[in-house]
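Trainee: Got upload-v4.pdb for you, PDB, C-alpha atoms:
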MODEL        1
ATOM      1  CA  MET A 234      82.179  74.447 121.096
ATOM      2  CA  SER A 235      78.562  75.191 122.055
ATOM      3  CA  ALA A 236      77.636  76.780 125.341
ATOM      4  CA  ILE A 237      75.277  74.754 127.508
ATOM      5  CA  ASN A 238      72.700  77.531 127.782
ATOM      6  CA  GLU A 239      71.813  77.641 124.073
ATOM      7  CA  ARG A 240      68.403  76.029 124.615
ATOM      8  CA  ARG A 241      69.349  72.809 122.843
ATOM      9  CA  LEU A 242      68.412  70.319 125.547
ATOM     10  CA  GLN A 243      65.160  68.663 124.543
ATOM     11  CA  ASP A 244      62.997  66.323 126.593
ATOM     12  CA  ASP A 245      61.660  63.738 124.130
ATOM     13  CA  SER A 246      58.814  62.814 126.485
ATOM     14  CA  LEU A 247      57.458  66.351 125.959
ATOM     15  CA  ASN A 248      57.288  66.136 122.146
ATOM     16  CA  LYS A 249      53.807  66.268 120.614
ATOM     17  CA  SER A 250      52.930  66.051 116.900
ATOM     18  CA  VAL A 251      49.838  66.249 114.710
ATOM     19  CA  ALA A 252      49.188  66.124 110.951
ATOM     20  CA  LEU A 253      48.766  69.541 109.345
ATOM     21  CA  PRO A 254      45.117  70.357 108.591
ATOM     22  CA  SER A 255      43.150  70.464 105.383
ATOM     23  CA  GLY A 256      41.792  73.814 104.202
ATOM     24  CA  ALA A 257      39.359  75.541 106.589
ATOM     25  CA  THR A 258      40.052  73.085 109.416
ATOM     26  CA  THR A 259      42.102  73.096 112.607
ATOM     27  CA  ALA A 260      44.461  70.527 114.106
ATOM     28  CA  ASN A 261      45.756  70.598 117.686
ATOM     29  CA  THR A 262      48.696  68.782 119.234
ATOM     30  CA  ASN A 263      48.023  67.046 122.534
ATOM     31  CA  SER A 264      48.748  69.342 125.445
ATOM     32  CA  VAL A 265      51.807  69.224 127.663
ATOM     33  CA  ASP A 266      51.222  69.519 131.410
ATOM     34  CA  LEU A 267      53.825  71.858 132.874
ATOM     35  CA  GLY A 268      52.700  70.849 136.368
ATOM     36  CA  GLN A 269      51.870  74.439 137.295
ATOM     37  CA  ALA A 270      51.578  77.852 135.722
ATOM     38  CA  THR A 271      54.995  78.960 134.498
ATOM     39  CA  PRO A 272      56.565  81.024 137.265
ATOM     40  CA  PHE A 273      58.969  83.843 136.544
ATOM     41  CA  PRO A 274      61.980  83.610 136.073
ATOM     42  CA  ILE A 275      61.774  79.954 134.970
ATOM     43  CA  THR A 276      60.658  81.187 131.540
ATOM     44  CA  GLU A 277      64.202  82.349 130.905
ATOM     45  CA  PHE A 278      65.104  78.708 130.361
ATOM     46  CA  PHE A 279      61.883  77.246 128.976
ATOM     47  CA  HIS A 280      61.335  77.541 125.233
ATOM     48  CA  VAL A 281      58.907  76.005 122.756
ATOM     49  CA  LYS A 282      60.155  74.756 119.408
ATOM     50  CA  LEU A 283      57.612  74.550 116.586
ATOM     51  CA  ALA A 284      58.709  72.441 113.647
ATOM     52  CA  THR A 285      56.857  71.446 110.502
ATOM     53  CA  THR A 286      57.712  69.031 107.730
ATOM     54  CA  ALA A 287      57.121  69.754 104.056
ATOM     55  CA  ALA A 288      53.544  69.222 102.907
ATOM     56  CA  THR A 289      51.396  69.270  99.790
ATOM     57  CA  GLY A 290      49.449  72.493  99.352
ATOM     58  CA  ALA A 291      46.874  73.964  97.029
ATOM     59  CA  ASN A 292      45.585  77.342  95.882
ATOM     60  CA  ASN A 293      48.272  79.480  97.570
ATOM     61  CA  LYS A 294      46.580  79.296 100.977
ATOM     62  CA  ASN A 295      48.396  79.662 104.309
ATOM     63  CA  ILE A 296      48.432  77.582 107.477
ATOM     64  CA  THR A 297      48.669  79.617 110.678
ATOM     65  CA  ILE A 298      50.247  78.069 113.767
ATOM     66  CA  LYS A 299      49.674  79.392 117.296
ATOM     67  CA  VAL A 300      50.894  78.331 120.725
ATOM     68  CA  GLN A 301      48.028  78.086 123.213
ATOM     69  CA  ASP A 302      47.716  77.624 126.957
ATOM     70  CA  SER A 303      45.006  76.564 129.399
ATOM     71  CA  ALA A 304      44.465  76.434 133.143
ATOM     72  CA  ASP A 305      42.154  73.396 132.982
ATOM     73  CA  ASN A 306      43.342  71.446 129.881
ATOM     74  CA  SER A 307      39.948  72.105 128.315
ATOM     75  CA  THR A 308      39.602  75.777 127.378
ATOM     76  CA  PHE A 309      42.649  76.981 125.426
ATOM     77  CA  ALA A 310      43.579  80.499 124.334
ATOM     78  CA  ASN A 311      46.337  81.807 122.082
ATOM     79  CA  ILE A 312      49.423  83.085 123.900
ATOM     80  CA  ALA A 313      49.363  86.601 122.439
ATOM     81  CA  GLU A 314      52.965  87.430 123.334
ATOM     82  CA  ILE A 315      54.209  84.648 121.053
ATOM     83  CA  GLY A 316      52.322  85.564 117.878
ATOM     84  CA  SER A 317      52.028  83.154 114.934
ATOM     85  CA  LEU A 318      54.089  81.098 112.564
ATOM     86  CA  VAL A 319      52.594  81.277 109.067
ATOM     87  CA  LEU A 320      53.321  78.502 106.571
ATOM     88  CA  THR A 321      52.943  79.889 103.069
ATOM     89  CA  ASP A 322      51.922  77.628 100.195
ATOM     90  CA  ASN A 323      53.631  78.633  96.956
ATOM     91  CA  ASN A 324      51.316  76.269  95.007
ATOM     92  CA  ALA A 325      54.125  74.684  92.983
ATOM     93  CA  ALA A 326      56.093  73.117  95.828
ATOM     94  CA  GLY A 327      53.492  73.202  98.618
ATOM     95  CA  TYR A 328      54.452  74.085 102.183
ATOM     96  CA  SER A 329      58.134  74.029 103.046
ATOM     97  CA  ALA A 330      59.533  72.763 106.339
ATOM     98  CA  ASP A 331      59.900  75.438 109.000
ATOM     99  CA  ASP A 332      61.311  75.744 112.481
ATOM    100  CA  ILE A 333      60.973  78.460 115.119
ATOM    101  CA  THR A 334      61.812  78.623 118.810
ATOM    102  CA  VAL A 335      59.847  80.963 121.073
ATOM    103  CA  GLN A 336      60.088  81.774 124.767
ATOM    104  CA  LEU A 337      57.096  81.191 127.030
ATOM    105  CA  PRO A 338      56.039  84.401 128.795
ATOM    106  CA  PRO A 339      55.738  84.539 132.608
ATOM    107  CA  SER A 340      51.934  84.471 132.325
ATOM    108  CA  THR A 341      51.833  81.008 130.685
ATOM    109  CA  ARG A 342      49.230  78.734 132.224
ATOM    110  CA  ARG A 343      49.719  75.065 133.168
ATOM    111  CA  TYR A 344      48.819  73.288 129.879
ATOM    112  CA  VAL A 345      50.430  74.178 126.546
ATOM    113  CA  ARG A 346      49.711  72.977 122.992
ATOM    114  CA  ALA A 347      50.155  74.106 119.391
ATOM    115  CA  GLN A 348      47.295  74.686 116.958
ATOM    116  CA  ALA A 349      47.409  74.805 113.144
ATOM    117  CA  THR A 350      44.571  76.329 111.114
ATOM    118  CA  GLY A 351      44.317  76.114 107.328
ATOM    119  CA  GLU A 352      42.738  78.795 105.168
ATOM    120  CA  ALA A 353      39.559  77.947 103.275
ATOM    121  CA  ASN A 354      40.179  76.084  99.978
ATOM    122  CA  GLY A 355      43.752  75.348 101.034
ATOM    123  CA  GLY A 356      43.809  71.705 100.068
ATOM    124  CA  ASN A 357      44.958  68.761 102.152
ATOM    125  CA  ALA A 358      48.333  69.249 103.864
ATOM    126  CA  ALA A 359      47.972  66.178 106.104
ATOM    127  CA  ASP A 360      51.133  64.649 104.617
ATOM    128  CA  GLY A 361      53.028  67.225 106.709
ATOM    129  CA  THR A 362      53.245  67.417 110.498
ATOM    130  CA  LEU A 363      53.360  70.059 113.190
ATOM    131  CA  SER A 364      55.536  69.188 116.178
ATOM    132  CA  VAL A 365      55.943  71.045 119.437
ATOM    133  CA  SER A 366      58.805  70.283 121.790
ATOM    134  CA  PHE A 367      60.116  71.942 124.912
ATOM    135  CA  LEU A 368      63.724  73.108 125.166
ATOM    136  CA  PHE A 369      65.701  73.764 128.308
TER     137      PHE A 369
ENDMDL
END
Mind turning the file's structure into structure tokens?
Mentor:
Amino acid sequence: MSAINERRLQDDSLNKSVALPSGATTANTNSVDLGQATPFPITEFFHVKLATTAATGANNKNITIKVQDSADNSTFANIAEIGSLVLTDNNAAGYSADDITVQLPPSTRRYVRAQATGEANGGNAADGTLSVSFLF
């Protein structure tokens, strides 16, 4: 039996998705408005799940995914404490599906989104998607 506090509750209205980018381009999910900057200790219960579907790749190039925040829903910056998820293209099978859950730090600003950036000459991975969802 699962404990309730395992961060499995997901609000479907807070799910955002975007097609993975082609080489040397960037794709952003729409932002989620948290209503205010994330106050401590709420971050103990607020996690971001990044999920990708399998995608076609080319030339063994990576796609780097970052979680970003903004105070004004216009100027976004990477949340350094979270780091990156790197999708590696093995050229034969393309990009595999991946899934990671990260905790938002206390300094998170009001708007949150995910960004995927493809390496130059990486081919078109737009048959795959990047999704961000919020877990409670």
Trainee: Can you pull out every residue within 7 Å of stretch 328-334 of chain A, counting all atoms listed in the file, but drop anything in the same chain fewer than 5 positions away, and send it as a count of residues only?
Mentor: 15
Trainee: What's the separation between atom CA of A:Asn293 and atom CA of A:Glu352, in Å to one decimal place?
Mentor: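 Between these atoms lies a distance of 9.4 Å.
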Trainee: For atom CA of A:Lys249 and atom CA of A:Asn292, determine how far apart the two atoms are, in Å to one decimal place.
Mentor: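 Interatomic distance here is 28.3 Å.
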Trainee: Please, what distance in Å, to one decimal, runs between atom CA of A:Pro254 and atom CA of A:Ser340?
Mentor: 28.4 Å
Trainee: Looking at A:Gly268, A:Leu337, A:Thr262, A:Ala313, which one is nearest to A:Phe367, with distances taken over all atoms listed in the file?
Mentor: A:Leu337
Trainee: Run the PyMOL selection byres ((chain A and resi 354) around 10) against the file shown and list the residues it catches, as a ChimeraX atom specification.
Mentor: /A:255-258,290-295,351-353,355-357
Trainee: Skip A:Thr297 itself and residues of its chain fewer than 2 positions away, then list as a PDB file with C-alpha atoms, keeping the file's coordinate frame all residues within 6 Å of it, counting all atoms listed in the file.
Mentor:
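Saved as around-v4.pdb:
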ATOM      1  CA  LEU A 318      54.089  81.098 112.564  1.00  0.00           C
ATOM      2  CA  VAL A 319      52.594  81.277 109.067  1.00  0.00           C
ATOM      3  CA  ALA A 349      47.409  74.805 113.144  1.00  0.00           C
ATOM      4  CA  THR A 350      44.571  76.329 111.114  1.00  0.00           C
TER       5      THR A 350
END
Trainee: Which residues match the PyMOL selection byres ((chain A and resi 301) around 12) in the file above, as a ChimeraX atom specification?
Mentor: /A:261-265,281,298-300,302-304,306-317,337-338,340-349,365
Trainee: Looking at A:Leu267, A:Thr259, A:Asp245, A:Gly327, which one is nearest to A:Ala358, with distances taken over all atoms listed in the file?
Mentor: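 Comparing A:Leu267, A:Thr259, A:Asp245, A:Gly327 against A:Ala358, the winner is A:Gly327.
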Trainee: With all atoms listed in the file as the atoms that count, which of A:Ala270, A:Ala325, A:Leu253, A:Val335 lies nearest to A:Asp360?
Mentor: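 Of the candidates, the smallest distance to A:Asp360 is held by A:Leu253.
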Trainee: I'd like to know which of A:Gln269, A:Ile296, A:Leu368, A:Leu363 is closest to A:Ala252, using only C-alpha atoms.
Mentor: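 Selected residue with least distance to A:Ala252: A:Leu363.
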